[in-house]
Amino acid sequence: MDPQLLQNLRAETRPLHDRLEATVDGARLMKPPFDRAHYARLLQAHLAFNLSVNEQFKAGMRFDVAVPSWPDEGRVAALREDLEVLDVNTAEGTPAIAPAESAAFVAGLCYVAEGAAMGNQMIHKALQQQPEFTALGAEQYMQQSKAGLSGRWKAFQQALAHYLRADETAVIAGAKAGFQHFERIWLALR
């Protein structure tokens with residue numbers, strides 16, 4: 001991957017990434033006491049976001065290069081299982097995202113989802129130190145996010161590189177839309 005293209009993507013989306021991190025406050029889950037409601041809301045937001053991204057692949061858009069792991073029904077199933085264990089609804093009624101303009105735009109959306117899977121690992125590691133969390137048995141999604149993460153990220157970067165070279169502007173627009181969409185979902189779950 002051209003490191004400059006990835007650096008451009010990160011630089012262009014950093015303000016939205018940082019704002020979303022502050023809004024979601026995943027760090028709150030990394031220190032005791034375990035906040036079950038916050039964890040449930042995080043899973044609800046991830047479910048709604050992943051469903052939105054999966055929908056983009058069902059729209060019949062042509063992808064020159066497949067985006068590895070997408071659509072990802074495994075993540076959705078794991079999220080549904082965890083929410084069922086928590087006895088929490090599955091975030092129906094959260095905002096939908098508009099249909100994507102191009103495959104490059106969808107690659108930008110996937111960049112947000114893949115980045116979230118990486119960030120989940122820090123949260124999960126901290127949560128595993130909290131007995132209240134481990135007693136729940138609601139960590140299928142976190143475990144699934146971790147499974148093969150390094151290889152999945154490398155494969156994803158290859159596809160992302162293709163789309164960045166083909167239409168960097170659309171990838172950046174997709175990533176920005178992804179961060180904004182996740183934030184809208186989070187706020188709608190209040």
# chains A, B, ... in the order shown; residues from 1 in each chain; ligands from 1

call {"tool": "residues_around", "arguments": {"residues": "range 160-171 of chain A", "least_positions_apart": "5", "cutoff": "9 Å", "atoms": "only C-alpha atoms", "output": "PyMOL selection string"}}
result
chain A and resi 1-2+5-6+8-9+64-65+67+101-111+155+176

call {"tool": "residues_around", "arguments": {"residues": "Gln56 in chain A", "least_positions_apart": "4", "cutoff": "8 Å", "atoms": "only C-alpha atoms", "output": "PDB file with C-alpha atoms, in the first residue's frame"}}
result
ATOM      1  CA  SER A  52     -25.582  -0.352   7.317  1.00  0.00           C
ATOM      2  CA  MET A  61     -22.776  -2.189  -6.917  1.00  0.00           C
ATOM      3  CA  PRO A  99     -26.855   4.410  -0.595  1.00  0.00           C
ATOM      4  CA  ALA A 100     -23.187   4.647  -1.493  1.00  0.00           C
ATOM      5  CA  VAL A 106     -17.965   1.732   0.457  1.00  0.00           C
TER       6      VAL A 106
END

call {"tool": "residues_around", "arguments": {"residues": "Tyr39 in chain A", "least_positions_apart": "2", "cutoff": "12 Å", "atoms": "only C-alpha atoms", "output": "PyMOL selection string"}}
result
chain A and resi 24-30+33-37+41-46+79+82-83+86+88+120+123-124+127+132-133+136+138-139+141-142+186

call {"tool": "write_last_selection", "arguments": {"atoms": "C-alpha atoms", "output": "PDB file, in the first residue's frame"}}
result
ATOM      1  CA  VAL A  24     -18.538   7.078  22.470  1.00  0.00           C
ATOM      2  CA  ASP A  25     -16.013   7.126  25.326  1.00  0.00           C
ATOM      3  CA  GLY A  26     -14.800   3.545  24.991  1.00  0.00           C
ATOM      4  CA  ALA A  27     -12.203   4.317  27.670  1.00  0.00           C
ATOM      5  CA  ARG A  28     -15.085   4.362  30.144  1.00  0.00           C
ATOM      6  CA  LEU A  29     -15.399   0.600  29.652  1.00  0.00           C
ATOM      7  CA  MET A  30     -11.716   0.025  30.266  1.00  0.00           C
ATOM      8  CA  PRO A  33     -16.661  -0.663  37.626  1.00  0.00           C
ATOM      9  CA  PHE A  34     -18.074  -2.434  34.590  1.00  0.00           C
ATOM     10  CA  ASP A  35     -20.763  -0.313  32.925  1.00  0.00           C
ATOM     11  CA  ARG A  36     -23.199  -2.835  31.460  1.00  0.00           C
ATOM     12  CA  ALA A  37     -25.469  -0.189  29.901  1.00  0.00           C
ATOM     13  CA  ARG A  41     -25.072   0.617  23.815  1.00  0.00           C
ATOM     14  CA  LEU A  42     -21.668   0.090  22.186  1.00  0.00           C
ATOM     15  CA  LEU A  43     -22.783  -3.295  20.859  1.00  0.00           C
ATOM     16  CA  GLN A  44     -26.073  -1.822  19.611  1.00  0.00           C
ATOM     17  CA  ALA A  45     -24.175   0.907  17.754  1.00  0.00           C
ATOM     18  CA  HIS A  46     -21.789  -1.605  16.213  1.00  0.00           C
ATOM     19  CA  LEU A  79     -23.530  -8.894  17.918  1.00  0.00           C
ATOM     20  CA  ASP A  82     -24.306 -10.753  22.672  1.00  0.00           C
ATOM     21  CA  LEU A  83     -27.275  -8.423  22.763  1.00  0.00           C
ATOM     22  CA  LEU A  86     -27.619  -8.885  27.654  1.00  0.00           C
ATOM     23  CA  VAL A  88     -31.140  -5.707  25.049  1.00  0.00           C
ATOM     24  CA  ASN A 120     -12.301  -3.107  20.220  1.00  0.00           C
ATOM     25  CA  ILE A 123     -11.497  -2.407  25.175  1.00  0.00           C
ATOM     26  CA  HIS A 124     -11.890  -6.197  25.263  1.00  0.00           C
ATOM     27  CA  LEU A 127     -12.957  -5.801  30.048  1.00  0.00           C
ATOM     28  CA  GLU A 132     -18.672  -8.544  36.136  1.00  0.00           C
ATOM     29  CA  PHE A 133     -17.938  -8.582  32.413  1.00  0.00           C
ATOM     30  CA  LEU A 136     -21.896 -12.174  31.457  1.00  0.00           C
ATOM     31  CA  ALA A 138     -21.486 -11.517  26.097  1.00  0.00           C
ATOM     32  CA  GLU A 139     -18.220 -11.280  24.213  1.00  0.00           C
ATOM     33  CA  TYR A 141     -18.412  -9.944  18.921  1.00  0.00           C
ATOM     34  CA  MET A 142     -15.216  -8.937  20.686  1.00  0.00           C
ATOM     35  CA  TRP A 186     -24.720   6.413  18.967  1.00  0.00           C
TER      36      TRP A 186
END

call {"tool": "residues_around", "arguments": {"residues": "Ala117 in chain A", "least_positions_apart": "4", "cutoff": "9 Å", "atoms": "only C-alpha atoms", "output": "PyMOL selection string"}}
result
chain A and resi 112-113+121+142+144-146+149

call {"tool": "write_last_selection", "arguments": {"atoms": "N, CA and C atoms", "output": "CSV table (one decimal), in the first residue's frame"}}
result
chain,number,residue,atom,x,y,z
A,112,VAL,N,-13.8,2.4,8.4
A,112,VAL,CA,-14.3,2.8,9.8
A,112,VAL,C,-14.6,1.5,10.6
A,113,ALA,N,-15.3,0.6,9.9
A,113,ALA,CA,-15.6,-0.7,10.6
A,113,ALA,C,-14.4,-1.5,11.0
A,121,GLN,N,-10.2,-4.3,20.5
A,121,GLN,CA,-9.3,-5.2,21.1
A,121,GLN,C,-8.7,-4.6,22.4
A,142,MET,N,-16.6,-9.3,20.4
A,142,MET,CA,-15.2,-8.9,20.7
A,142,MET,C,-14.3,-10.0,20.3
A,144,GLN,N,-14.8,-12.3,18.0
A,144,GLN,CA,-14.8,-12.4,16.5
A,144,GLN,C,-14.0,-11.3,15.9
A,145,SER,N,-14.1,-10.1,16.5
A,145,SER,CA,-13.3,-9.0,16.0
A,145,SER,C,-11.8,-9.3,16.1
A,146,LYS,N,-11.4,-10.0,17.1
A,146,LYS,CA,-10.0,-10.4,17.3
A,146,LYS,C,-9.5,-11.5,16.4
A,149,LEU,N,-7.4,-10.9,13.2
A,149,LEU,CA,-7.4,-9.4,12.9
A,149,LEU,C,-6.3,-9.0,12.1

call {"tool": "atom_distance", "arguments": {"atom1": "CA of Ser150 in chain A", "atom2": "CA of Phe57 in chain A"}}
result
23.1 Å

call {"tool": "atom_distance", "arguments": {"atom1": "CA of Ala177 in chain A", "atom2": "CA of Gln143 in chain A"}}
result
26.6 Å

call {"tool": "closest_residue", "arguments": {"among": "A:Pro68, A:Pro95, A:Pro32, A:Gly174", "to": "Glu12 in chain A", "atoms": "only C-alpha atoms"}}
result
A:Gly174
